[in-house]
$ cat coords.txt   # compact mmCIF, C-alpha atoms
# COMPACT_ATOMS: atom_id res chain seq x y z
CA MET A 84 -11.51 5.57 -38.70
CA LEU A 85 -12.93 4.77 -35.26
CA SER A 86 -12.15 1.50 -33.55
CA ARG A 87 -14.99 -0.85 -32.59
CA ARG A 88 -14.57 0.25 -28.98
CA GLU A 89 -14.80 3.92 -29.94
CA PHE A 90 -17.78 3.19 -32.17
CA GLY A 91 -19.57 1.53 -29.27
CA LYS A 92 -18.93 4.47 -26.98
CA LEU A 93 -20.00 7.12 -29.46
CA ALA A 94 -22.83 5.35 -31.20
CA LEU A 95 -24.52 3.46 -28.45
CA ALA A 96 -23.82 5.07 -25.10
CA GLY A 97 -27.24 6.21 -24.08
CA VAL A 98 -29.09 5.00 -27.16
CA PRO A 99 -31.57 2.32 -26.10
CA ALA A 100 -33.51 4.03 -23.35
CA ALA A 101 -36.35 1.56 -23.22
CA THR A 102 -36.85 -1.95 -24.49
CA VAL A 103 -39.32 -4.79 -24.33
CA LEU A 104 -38.38 -7.48 -21.83
CA GLY A 105 -38.51 -11.20 -22.35
CA GLY A 106 -38.17 -14.49 -20.57
CA SER A 107 -35.92 -16.78 -22.63
CA ASP A 108 -32.23 -17.13 -23.27
CA PHE A 109 -31.01 -15.15 -26.28
CA PHE A 110 -29.52 -18.25 -27.86
CA THR A 111 -32.56 -20.47 -27.24
CA ALA A 112 -35.25 -17.90 -28.01
CA PHE A 113 -35.93 -19.43 -31.38
CA ALA A 114 -36.31 -22.96 -30.02
CA GLN A 115 -38.44 -22.00 -27.02
CA GLY A 116 -40.47 -19.23 -28.60
CA LYS A 117 -39.66 -15.56 -28.59
CA PRO A 118 -40.04 -13.69 -25.30
CA ASN A 119 -43.17 -11.65 -24.79
CA SER A 120 -43.68 -9.07 -22.04
CA LYS A 121 -47.03 -7.76 -23.20
CA ILE A 122 -49.20 -8.68 -20.22
CA GLU A 123 -52.98 -8.45 -20.53
CA GLY A 124 -52.48 -6.09 -23.46
CA VAL A 125 -50.06 -3.79 -21.59
CA GLN A 126 -46.49 -3.60 -22.84
CA ILE A 127 -43.91 -3.80 -20.07
CA GLY A 128 -40.30 -2.90 -20.80
CA THR A 129 -37.25 -1.56 -19.01
CA ILE A 130 -34.59 1.07 -19.49
CA THR A 131 -30.95 0.08 -19.80
CA TYR A 132 -30.14 2.30 -16.80
CA SER A 133 -31.66 -0.51 -14.72
CA TYR A 134 -28.49 -2.53 -15.37
CA ARG A 135 -25.98 0.14 -14.37
CA SER A 136 -24.81 -1.87 -11.34
CA MET A 137 -23.48 -4.68 -13.52
CA GLN A 138 -19.84 -3.83 -14.07
CA GLU A 139 -19.19 -6.73 -16.41
CA LEU A 140 -21.44 -7.99 -19.16
CA PRO A 141 -22.65 -11.55 -18.65
CA PRO A 142 -21.66 -14.28 -21.13
CA GLY A 143 -23.38 -13.69 -24.43
CA ALA A 144 -23.58 -9.91 -24.00
CA ARG A 145 -21.05 -9.42 -26.79
CA LYS A 146 -23.71 -10.91 -29.05
CA GLY A 147 -25.99 -8.04 -28.07
CA ALA A 148 -28.19 -9.22 -25.22
CA TRP A 149 -27.98 -9.78 -21.52
CA ASN A 150 -27.69 -13.44 -20.59
CA GLY A 151 -31.32 -14.37 -20.57
CA THR A 152 -32.20 -17.35 -18.43
CA GLU A 153 -34.43 -14.80 -16.73
CA CYS A 154 -34.78 -11.98 -19.22
CA VAL A 155 -33.51 -10.78 -22.55
CA ILE A 156 -32.37 -7.20 -22.62
CA PRO A 157 -30.04 -5.28 -24.94
CA ALA A 158 -26.58 -4.41 -23.70
CA PRO A 159 -25.17 -1.99 -26.27
CA GLY A 160 -23.94 0.44 -23.67
CA GLY A 161 -24.83 1.76 -20.28
CA GLY A 162 -28.19 3.18 -21.25
CA GLY A 163 -29.26 6.81 -21.27
CA GLY A 164 -29.32 7.08 -17.49
CA GLY A 165 -26.17 5.07 -16.97
CA ALA A 166 -24.07 8.20 -17.09
CA ARG A 167 -26.11 10.11 -14.53
CA GLY A 168 -23.99 11.29 -11.69
CA GLY A 169 -20.85 10.80 -13.75
CA GLY A 170 -19.54 12.34 -16.92
CA GLY A 171 -16.06 13.06 -15.64
CA ARG A 172 -16.93 16.24 -13.77
CA GLY A 173 -14.55 17.15 -11.03
CA ARG A 174 -14.85 19.66 -8.22
CA GLY A 175 -14.64 23.28 -9.31
CA GLU A 176 -14.38 24.64 -12.84
CA ALA A 177 -12.40 22.94 -15.59
CA SER A 178 -9.02 24.40 -16.48
CA ALA A 179 -8.40 26.03 -19.84
CA GLU A 180 -6.63 22.88 -21.01
CA GLN A 181 -9.52 20.69 -19.90
CA GLN A 182 -12.03 22.95 -21.63
CA ALA A 183 -10.00 22.83 -24.83
CA ALA A 184 -9.82 19.03 -24.67
CA GLN A 185 -13.58 18.83 -24.10
CA GLN A 186 -14.25 21.10 -27.06
CA GLU A 187 -11.95 19.04 -29.25
CA GLN A 188 -13.70 15.81 -28.22
CA ALA A 189 -17.11 17.38 -28.81
CA ALA A 190 -16.05 18.41 -32.30
CA LYS A 191 -14.89 14.86 -33.06
CA VAL A 192 -18.15 13.39 -31.82
CA LYS A 193 -20.18 15.86 -33.88
CA ALA A 194 -18.13 15.09 -37.00
CA TRP A 195 -18.68 11.38 -36.48
CA ARG A 196 -22.40 11.73 -35.82
CA THR A 197 -22.98 13.75 -38.96
CA SER A 198 -21.18 11.27 -41.19
CA VAL A 199 -21.88 7.79 -39.79
CA SER A 200 -24.00 5.28 -41.71
CA MET A 201 -27.23 3.98 -40.18
CA ASP A 202 -26.47 0.44 -41.34
CA PRO A 203 -24.91 -0.71 -38.02
CA PHE A 204 -27.99 0.49 -36.14
CA LYS A 205 -30.27 -1.34 -38.55
CA LYS A 206 -28.25 -4.52 -38.02
CA LEU A 207 -28.52 -4.02 -34.28
CA ARG A 208 -32.29 -3.68 -34.54
CA LYS A 209 -32.53 -6.81 -36.66
CA MET A 210 -30.47 -8.82 -34.19
CA TYR A 211 -32.63 -7.80 -31.23
CA ASN A 212 -35.91 -8.15 -33.09
CA GLU A 213 -35.00 -11.68 -34.12
CA ALA A 214 -34.40 -12.47 -30.44
CA GLY A 215 -37.79 -11.05 -29.53
CA VAL A 216 -36.47 -7.75 -28.17
CA THR A 217 -37.98 -4.45 -29.33
CA ILE A 218 -36.48 -1.02 -28.72
CA TYR A 219 -39.28 1.53 -28.45
CA ALA A 220 -37.41 4.59 -27.14
CA THR A 221 -33.94 6.11 -27.22
CA LYS A 222 -32.25 8.78 -25.11
CA MET A 223 -29.44 10.83 -26.57
CA LEU A 224 -30.97 14.18 -27.56
CA SER A 225 -29.71 17.49 -26.21
CA ALA A 226 -31.60 20.69 -26.95
CA ASN A 227 -28.35 22.53 -27.78
CA MET A 228 -27.35 20.16 -30.58
CA SER A 229 -27.08 21.45 -34.14
CA ASP A 230 -29.70 20.57 -36.75
CA GLU A 231 -27.26 18.07 -38.23
CA GLU A 232 -26.95 16.32 -34.86
CA TYR A 233 -30.74 16.35 -34.49
CA GLU A 234 -30.87 14.48 -37.78
CA TYR A 235 -28.47 11.91 -36.40
CA VAL A 236 -30.43 11.40 -33.18
CA PHE A 237 -33.77 10.92 -34.93
CA ASN A 238 -32.24 8.78 -37.68
CA VAL A 239 -30.77 6.45 -35.05
CA ALA A 240 -34.15 6.23 -33.31
CA GLU A 241 -35.80 5.35 -36.60
CA ALA A 242 -33.13 2.79 -37.49
CA LEU A 243 -33.60 1.07 -34.13
CA GLY A 244 -37.38 1.00 -34.51
CA ALA A 245 -38.17 3.48 -31.73
CA ASN A 246 -41.25 5.68 -31.97
CA HIS A 247 -39.98 8.29 -29.52
CA THR A 248 -36.73 9.67 -28.18
CA THR A 249 -36.52 11.05 -24.67
CA LEU A 250 -34.80 13.96 -22.96
CA GLU A 251 -35.19 15.90 -19.74
CA LEU A 252 -38.13 18.30 -19.66
CA LEU A 253 -37.11 21.66 -21.11
CA THR A 254 -38.34 25.03 -19.85
CA ASP A 255 -37.35 27.30 -22.72
CA ASP A 256 -40.19 27.96 -25.17
CA ALA A 257 -37.96 28.21 -28.23
CA GLN A 258 -36.22 24.94 -27.43
CA LEU A 259 -39.51 23.13 -26.78
CA LYS A 260 -40.89 24.29 -30.12
CA ARG A 261 -37.69 23.51 -32.02
CA VAL A 262 -37.44 19.98 -30.61
CA GLY A 263 -41.15 19.27 -31.06
CA ASP A 264 -41.30 20.57 -34.62
CA PHE A 265 -38.21 18.57 -35.56
CA ALA A 266 -39.87 15.51 -34.08
CA MET A 267 -42.98 16.14 -36.17
CA LYS A 268 -40.84 16.42 -39.29
CA LYS A 269 -39.13 13.11 -38.53
CA LYS A 270 -42.39 11.44 -37.37
CA ILE A 271 -40.74 10.30 -34.15
CA TYR A 272 -41.97 11.97 -30.98
CA ALA A 273 -39.83 13.83 -28.45
CA ALA A 274 -40.91 12.63 -24.99
CA TYR A 275 -39.84 14.66 -21.98
CA HIS A 276 -38.76 12.96 -18.76
CA THR A 277 -39.60 14.35 -15.35
CA HIS A 278 -38.18 14.00 -11.88
CA ALA A 279 -39.45 16.07 -8.95
CA GLN A 280 -41.06 18.61 -11.30
CA GLY A 281 -43.68 16.12 -12.49
CA SER A 282 -47.22 17.43 -11.98
CA MET A 283 -50.59 17.82 -13.68
CA THR A 284 -49.37 21.02 -15.36
CA ALA A 285 -45.67 20.25 -15.90
CA PHE A 286 -46.11 19.40 -19.59
CA ASP A 287 -48.68 22.06 -20.50
CA LYS A 288 -46.20 24.32 -22.26
CA ALA A 289 -44.53 21.48 -24.16
CA PHE A 290 -47.88 20.11 -25.35
CA ALA A 291 -49.11 23.54 -26.41
CA LEU A 292 -46.00 24.51 -28.37
CA SER A 293 -45.81 21.43 -30.62
CA LYS A 294 -47.76 18.29 -31.42
CA GLY A 295 -44.40 16.55 -31.67
CA ASN A 296 -43.91 16.82 -27.92
CA LYS A 297 -45.01 14.03 -25.61
CA ALA A 298 -44.44 13.00 -22.00
CA ASN A 299 -42.06 10.38 -20.65
CA VAL A 300 -43.47 10.85 -17.18
CA ASP A 301 -41.94 9.10 -14.18
CA PHE A 302 -44.74 8.08 -11.82
CA GLY A 303 -42.34 7.04 -9.07
CA HIS A 304 -40.78 10.49 -8.93
CA TRP A 305 -44.30 11.93 -9.23
CA VAL A 306 -45.30 10.27 -5.95
CA ALA A 307 -42.02 11.22 -4.27
CA ALA A 308 -42.70 14.87 -5.16
CA GLY A 309 -46.10 14.74 -3.48
CA ASN A 310 -48.65 14.03 -6.26
CA VAL A 311 -48.70 17.70 -7.22
CA GLY A 312 -52.04 18.65 -8.74
CA GLY A 313 -53.37 15.11 -8.88
CA THR A 314 -52.54 11.40 -8.98
CA PRO A 315 -50.77 9.43 -11.70
CA MET A 316 -54.13 7.96 -12.68
CA GLN A 317 -55.59 11.44 -13.16
CA PHE A 318 -52.65 12.39 -15.37
CA LEU A 319 -53.19 9.26 -17.45
CA GLU A 320 -56.90 9.98 -17.81
CA LYS A 321 -56.23 13.51 -19.03
CA TYR A 322 -53.12 13.08 -21.16
CA HIS A 323 -53.00 9.42 -22.25
CA ASP A 324 -52.83 10.48 -25.90
CA ARG A 325 -49.75 12.64 -25.22
CA ILE A 326 -47.66 10.04 -23.36
CA GLY A 327 -44.91 8.20 -25.22
CA SER A 328 -44.12 5.90 -22.31
CA PHE A 329 -44.00 6.12 -18.53
CA HIS A 330 -41.43 5.03 -15.94
CA LEU A 331 -42.33 2.77 -13.04
CA LYS A 332 -40.57 2.56 -9.69
CA ASP A 333 -41.85 2.31 -6.13
CA ARG A 334 -41.27 5.42 -4.03
CA THR A 335 -42.78 6.93 -0.92
CA THR A 336 -44.37 10.36 -0.51
CA PRO A 337 -42.52 13.33 1.02
CA GLU A 338 -44.26 12.59 4.31
CA HIS A 339 -42.35 9.30 4.33
CA CYS A 340 -39.00 10.72 3.15
CA SER A 341 -39.47 10.16 -0.63
CA LEU A 342 -37.65 6.84 -0.42
CA ASN A 343 -36.79 4.66 -3.42
CA ILE A 344 -37.49 1.10 -2.29
CA ALA A 345 -38.32 -2.42 -3.45
CA TRP A 346 -41.55 -2.80 -5.36
CA GLY A 347 -44.57 -3.47 -3.21
CA THR A 348 -43.16 -1.65 -0.18
CA GLY A 349 -43.66 1.96 -1.32
CA GLU A 350 -46.57 4.22 -2.19
CA THR A 351 -46.50 4.39 -5.99
CA PRO A 352 -49.88 3.04 -7.17
CA ILE A 353 -48.29 0.68 -9.69
CA LYS A 354 -51.22 -1.72 -9.76
CA GLU A 355 -53.76 1.06 -10.26
CA ILE A 356 -51.66 2.64 -13.03
CA LEU A 357 -51.32 -0.61 -14.95
CA GLN A 358 -54.94 -1.62 -14.42
CA LEU A 359 -56.08 1.75 -15.81
CA VAL A 360 -53.95 1.33 -18.95
CA LYS A 361 -55.31 -2.20 -19.34
CA LYS A 362 -58.93 -1.16 -18.85
CA ASN A 363 -58.75 1.58 -21.47
CA LYS A 364 -56.54 -0.39 -23.89
CA TRP A 365 -54.14 2.54 -24.16
CA ASP A 366 -51.06 1.76 -26.23
CA ILE A 367 -48.53 3.19 -23.74
CA PRO A 368 -45.51 1.13 -22.67
CA GLY A 369 -44.60 1.03 -19.00
CA SER A 370 -40.82 1.09 -18.47
CA ILE A 371 -39.33 -0.49 -15.36
CA GLU A 372 -36.58 1.68 -13.90
CA LEU A 373 -34.67 -0.30 -11.30
CA GLU A 374 -33.46 2.42 -8.97
CA TYR A 375 -33.53 0.92 -5.49
CA ASN A 376 -30.35 -0.64 -4.12
CA VAL A 377 -29.80 -4.18 -5.37
CA PRO A 378 -29.77 -6.51 -2.32
CA GLU A 379 -26.61 -8.41 -1.47
CA GLY A 380 -26.57 -11.75 -3.25
CA SER A 381 -28.82 -10.54 -6.05
CA ASP A 382 -28.19 -8.62 -9.25
CA ALA A 383 -30.01 -6.27 -11.59
CA VAL A 384 -31.29 -9.08 -13.83
CA LYS A 385 -32.93 -10.85 -10.89
CA GLU A 386 -34.39 -7.62 -9.53
CA VAL A 387 -35.82 -6.56 -12.90
CA LYS A 388 -37.44 -9.98 -13.12
CA LYS A 389 -39.06 -9.35 -9.74
CA CYS A 390 -40.42 -6.08 -11.11
CA VAL A 391 -41.79 -7.85 -14.19
CA ASP A 392 -43.44 -10.43 -11.94
CA TYR A 393 -44.94 -7.62 -9.88
CA CYS A 394 -46.39 -6.06 -13.05
CA ARG A 395 -47.76 -9.44 -14.12
CA ALA A 396 -49.45 -9.97 -10.77
CA ALA A 397 -50.87 -6.44 -10.86
CA LEU A 398 -52.28 -6.89 -14.35
CA THR A 399 -53.74 -10.34 -13.84
CA ALA A 400 -55.31 -9.57 -10.47
CA ARG A 401 -59.08 -9.28 -10.33
CA THR A 402 -60.30 -5.74 -9.75
$ encode --input "coords.txt" --output "structure tokens"
Amino acid sequence: MLSRREFGKLALAGVPAATVLGGSDFFTAFAQGKPNSKIEGVQIGTITYSYRSMQELPPGARKGAWNGTECVIPAPGGGGGGARGGGGRGRGEASAEQQAAQQEQAAKVKAWRTSVSMDPFKKLRKMYNEAGVTIYATKMLSANMSDEEYEYVFNVAEALGANHTTLELLTDDAQLKRVGDFAMKKKIYAAYHTHAQGSMTAFDKAFALSKGNKANVDFGHWVAAGNVGGTPMQFLEKYHDRIGSFHLKDRTTPEHCSLNIAWGTGETPIKEILQLVKKNKWDIPGSIELEYNVPEGSDAVKEVKKCVDYCRAALTART
């Protein structure tokens, strides 16, 4: 039997990739009205990676939400991106003993995944939903997983109420078809995330190989890569029906060093992106990804709130 700590690490590390934000304390949400971050018909959320800088959970986090005088957000782990740049890799190749230990741990995780009940995940969803928090995407899928582990990943997504699960954009045709067809079978889309490879044609192969494949395009990285083939707005116009959700951050173009900076100071056309989604009434969530350095004296909660306010101003502005 796994301890509660082990359960948390195995079950939830990397699970909620994107969630709906709110504006009330978790414990007073019922009295004050549930939080709502749908602005002018456009759903704004965040990914749990945005909170990676917070080493300790605020009071109340053990109950399942970040302390919410400013926003309500799930805290069931570090988020899918929270492990980026980590993972315990050292310099050079692992020794034979380290490889054996890794294989043993992987076998334990697989055995747990293929036997665990979905009831805890359903309880988690209920707790967040009652607080006004919705989880619309997860991130825990690896193309090399077994079919049994695929079942686990998609079952968790379904139990949490997500309509898509994300992973990095694959290049292998067989993997793209396998993932997409499995997604179609489970009726939960596989949405591929992009970094510098984002472009007007980056998803062509994925879209062609399976209707279960969608995009989880990052428009900040898109701009930082140089708007290859077109603008974010052009991508939205062409592929809006194949986008599960999109990431928002403010970055500069390569001509200005591809910086990742505070919202409103970069070159990502955040206002234009959101206004286009609003105008066309497309049901595509925009996920805030807090990736710039948190200023001294602030924290991730405060900075995410600034990003929400920026989205609100962009969506309520007259065009």
$ closest_atom_pairs --input "coords.txt" --of "range 263-323 of chain A" --to "range 221-233 of chain A" --cutoff "12 Å" --atoms "only C-alpha atoms" --output "Markdown table"
| residue | atom | partner | partner_atom | distance |
| --- | --- | --- | --- | --- |
| A:Gly263 | CA | A:Ala226 | CA | 10.5 |
| A:Asp264 | CA | A:Tyr233 | CA | 11.4 |
| A:Phe265 | CA | A:Tyr233 | CA | 7.9 |
| A:Ala266 | CA | A:Tyr233 | CA | 9.2 |
| A:Lys268 | CA | A:Tyr233 | CA | 11.2 |
| A:Lys269 | CA | A:Tyr233 | CA | 9.9 |
| A:Ile271 | CA | A:Thr221 | CA | 10.6 |
| A:Tyr272 | CA | A:Thr221 | CA | 10.6 |
| A:Ala273 | CA | A:Leu224 | CA | 8.9 |
| A:Ala274 | CA | A:Lys222 | CA | 9.5 |
| A:Tyr275 | CA | A:Lys222 | CA | 10.1 |
| A:His276 | CA | A:Lys222 | CA | 10.0 |
| A:Asn299 | CA | A:Lys222 | CA | 10.9 |
$ write_last_selection --input "coords.txt" --atoms "C-alpha atoms" --output "PDB file, in the coordinates of the input"
ATOM      1  CA  GLY A 263     -41.150  19.270 -31.060  1.00  0.00           C
ATOM      2  CA  ASP A 264     -41.300  20.570 -34.620  1.00  0.00           C
ATOM      3  CA  PHE A 265     -38.210  18.570 -35.560  1.00  0.00           C
ATOM      4  CA  ALA A 266     -39.870  15.510 -34.080  1.00  0.00           C
ATOM      5  CA  LYS A 268     -40.840  16.420 -39.290  1.00  0.00           C
ATOM      6  CA  LYS A 269     -39.130  13.110 -38.530  1.00  0.00           C
ATOM      7  CA  ILE A 271     -40.740  10.300 -34.150  1.00  0.00           C
ATOM      8  CA  TYR A 272     -41.970  11.970 -30.980  1.00  0.00           C
ATOM      9  CA  ALA A 273     -39.830  13.830 -28.450  1.00  0.00           C
ATOM     10  CA  ALA A 274     -40.910  12.630 -24.990  1.00  0.00           C
ATOM     11  CA  TYR A 275     -39.840  14.660 -21.980  1.00  0.00           C
ATOM     12  CA  HIS A 276     -38.760  12.960 -18.760  1.00  0.00           C
ATOM     13  CA  ASN A 299     -42.060  10.380 -20.650  1.00  0.00           C
TER      14      ASN A 299
END
$ atom_distance --input "coords.txt" --atom1 "CA of Gln317 in chain A" --atom2 "CA of Lys361 in chain A"
15.0 Å
$ closest_residue --input "coords.txt" --among "A:Tyr375, A:Trp195, A:Phe329, A:Tyr393" --to "Tyr219 in chain A" --atoms "all atoms listed in the file"
A:Phe329
$ atom_distance --input "coords.txt" --atom1 "CA of Asn238 in chain A" --atom2 "CA of Lys205 in chain A"
10.3 Å
$ atom_distance --input "coords.txt" --atom1 "CA of Gly215 in chain A" --atom2 "CA of Lys117 in chain A"
5.0 Å
$ residues_around --input "coords.txt" --residues "Cys340 in chain A" --least-positions-apart "6" --cutoff "12 Å" --atoms "all atoms listed in the file" --output "short mmCIF file (atom, residue, chain, number, x, y, z; two decimals) with C-alpha atoms, keeping the file's coordinate frame"
data_model
loop_
_atom_site.label_atom_id
_atom_site.label_comp_id
_atom_site.auth_asym_id
_atom_site.auth_seq_id
_atom_site.Cartn_x
_atom_site.Cartn_y
_atom_site.Cartn_z
CA VAL A 306 -45.30 10.27 -5.95
CA ALA A 307 -42.02 11.22 -4.27
CA ALA A 308 -42.70 14.87 -5.16
CA GLY A 309 -46.10 14.74 -3.48
CA ARG A 334 -41.27 5.42 -4.03
CA GLY A 349 -43.66 1.96 -1.32
CA GLU A 350 -46.57 4.22 -2.19
#
$ closest_residue --input "coords.txt" --among "A:Leu331, A:Val384, A:Ala183, A:Leu398" --to "Ile371 in chain A" --atoms "only C-alpha atoms"
A:Leu331
